[in-house]
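Reading through the structure tokens given below for one structure.
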Amino acid sequence: MTNTAPKRRRMTKAEQRAETMEQILDEAEYLFAQFGFNGVTLKDIAKRVGVHHTLLNYYFDDKKSVFDAVIARRAGVTSSLRMKALDEYEKASGDKPTVEGALRAFLDTDLDLYIQGGEGWKNYGALGAQSSNTPYGAELFDYHFDPLILRLIGILEKALPDCSREDLFWGYHFVTGSLMLTLGRTGRIDRLSGGLCKSDDFEAIKERMASFMAAGFHELSERSKARTD
């Protein structure tokens, strides 16, 4: 009697479609991260996937719809995880949240995705760093992340009751600028520091970023308070 390996279940058409969609998004994400929206064509994406470019029209209307889907795929993950972290932090801290605690819930949760998520997440981070600095990309970020940002601002208001909302939003502006530069992994800090710091060392960044930014918020709060005294 011979032993035969169990037959592999044939994928359904829905499963095949989902698998192809993921492959398209993976390759498009890589290309957009490397060359930006304007530097990539549907033919480029199809070539990396290994299909004729007309197949992409079965899944997407145009390049913009591919780009939107690439952004949306991971935006939902990071936004929901950070929202959950902020909710849990606020509940645990009661009426006494701290600036650093709120920033760690917001920043560390995101950085963990880039530490643990492999090259796909790092490509997404680089793409986000690029696209957030363009008008169209900023609109996408407004759509996906505004509720999360306003949730963070709400907790910071509790932590810094003397800080003006204007300063809180400027503080967030500086935080997100630093985060986007980090996700861009440009390598400049590597060269500038002579290799002492590395732009893809997210563990080192996670250790320092929230503490550094919290000090800035406290300074803005002190200045806000001084203006009203």
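Letters A, B, ... mark the chains of the structure tokens in the order given; residue numbers begin at 1 per chain; ligand numbers begin at 1, in order shown.
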
What lies within 8 Å of Ala28 of chain A using only C-alpha atoms, ignoring chain neighbours under 3 positions off, as a PyMOL selection string?
chain A and resi 24-25+31-32+45+66-67+70

Selection to disk with N, CA and C atoms, as a CSV table (one decimal), in the first residue's frame:
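Saved result, selection_31.csv, follows:
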```csv
chain,number,residue,atom,x,y,z
A,24,ILE,N,-0.5,42.3,-6.4
A,24,ILE,CA,-0.5,43.6,-7.1
A,24,ILE,C,-0.2,44.7,-6.1
A,25,LEU,N,-0.9,44.7,-5.0
A,25,LEU,CA,-0.6,45.8,-4.0
A,25,LEU,C,0.8,45.8,-3.4
A,31,LEU,N,7.1,49.8,-5.7
A,31,LEU,CA,7.4,50.7,-6.7
A,31,LEU,C,7.1,52.2,-6.3
A,32,PHE,N,5.9,52.4,-5.8
A,32,PHE,CA,5.6,53.7,-5.3
A,32,PHE,C,6.5,54.2,-4.3
A,45,ILE,N,4.0,48.1,-12.8
A,45,ILE,CA,3.4,47.3,-11.8
A,45,ILE,C,3.2,45.9,-12.4
A,66,VAL,N,-5.1,52.3,-7.8
A,66,VAL,CA,-4.1,51.3,-7.3
A,66,VAL,C,-3.4,52.0,-6.1
A,67,PHE,N,-3.0,53.3,-6.3
A,67,PHE,CA,-2.3,54.0,-5.2
A,67,PHE,C,-3.2,54.2,-4.0
A,70,VAL,N,-3.3,50.9,-2.1
A,70,VAL,CA,-2.1,50.7,-1.4
A,70,VAL,C,-2.1,51.4,-0.1
```

_Contacts of Val40 of chain A within 12 Å, only C-alpha atoms, excl. fewer than 2 positions in-chain, as a list of chain:residue names_ = A:Glu27, A:Ala28, A:Glu29, A:Tyr30, A:Leu31, A:Phe32, A:Ala33, A:Gln34, A:Phe35, A:Gly36, A:Phe37, A:Asn38, A:Leu42, A:Lys43, A:Asp44, A:Ile45, A:Ala46, A:Lys47, A:Arg48, A:Asp62, A:Lys63, A:Lys64, A:Val66, A:Phe67

May I have the residues within 10 Å of Ser164 of chain A as a PyMOL selection string, using only C-alpha atoms and disregarding those fewer than 4 positions away in the same chain?
chain A and resi 157+160+168-170+220-221+223-225+228

### Query
So how far away is atom CA of Ala129 of chain A from atom CA of Ile115 of chain A, in Å?
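Result for atom CA of Ile115 of chain A versus atom CA of Ala129 of chain A: 16.3 Å, one decimal.
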
Please extract the residues of chain A with a backbone DSSP assignment of helix (DSSP H, G or I) and present them as JSON, numbers by chain. {"A": [13, 14, 15, 16, 17, 18, 19, 20, 21, 22, 23, 24, 25, 26, 27, 28, 29, 30, 31, 32, 33, 34, 35, 37, 38, 39, 42, 43, 44, 45, 46, 47, 48, 49, 53, 54, 55, 56, 57, 58, 59, 63, 64, 65, 66, 67, 68, 69, 70, 71, 72, 73, 74, 75, 76, 77, 78, 79, 80, 81, 82, 83, 84, 85, 86, 87, 88, 89, 90, 91, 92, 93, 99, 100, 101, 102, 103, 104, 105, 106, 107, 108, 109, 110, 111, 112, 113, 114, 115, 116, 118, 119, 120, 121, 122, 123, 124, 125, 126, 127, 128, 129, 130, 131, 135, 136, 137, 138, 139, 140, 141, 142, 143, 144, 145, 146, 147, 148, 149, 150, 151, 152, 153, 154, 155, 156, 157, 158, 159, 165, 166, 167, 168, 169, 170, 171, 172, 173, 174, 175, 176, 177, 178, 179, 180, 181, 182, 183, 184, 188, 189, 190, 191, 192, 202, 203, 204, 205, 206, 207, 208, 209, 210, 211, 212, 213, 214, 215, 216, 217, 218, 219, 220, 221, 222, 223, 224, 225, 226, 227, 228]}

**Q.** Separation of atom CA of Tyr136 of chain A from atom CA of Thr182 of chain A in Å
**A.**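 Calculated distance between atom CA of Thr182 of chain A and atom CA of Tyr136 of chain A is 20.9 Å.
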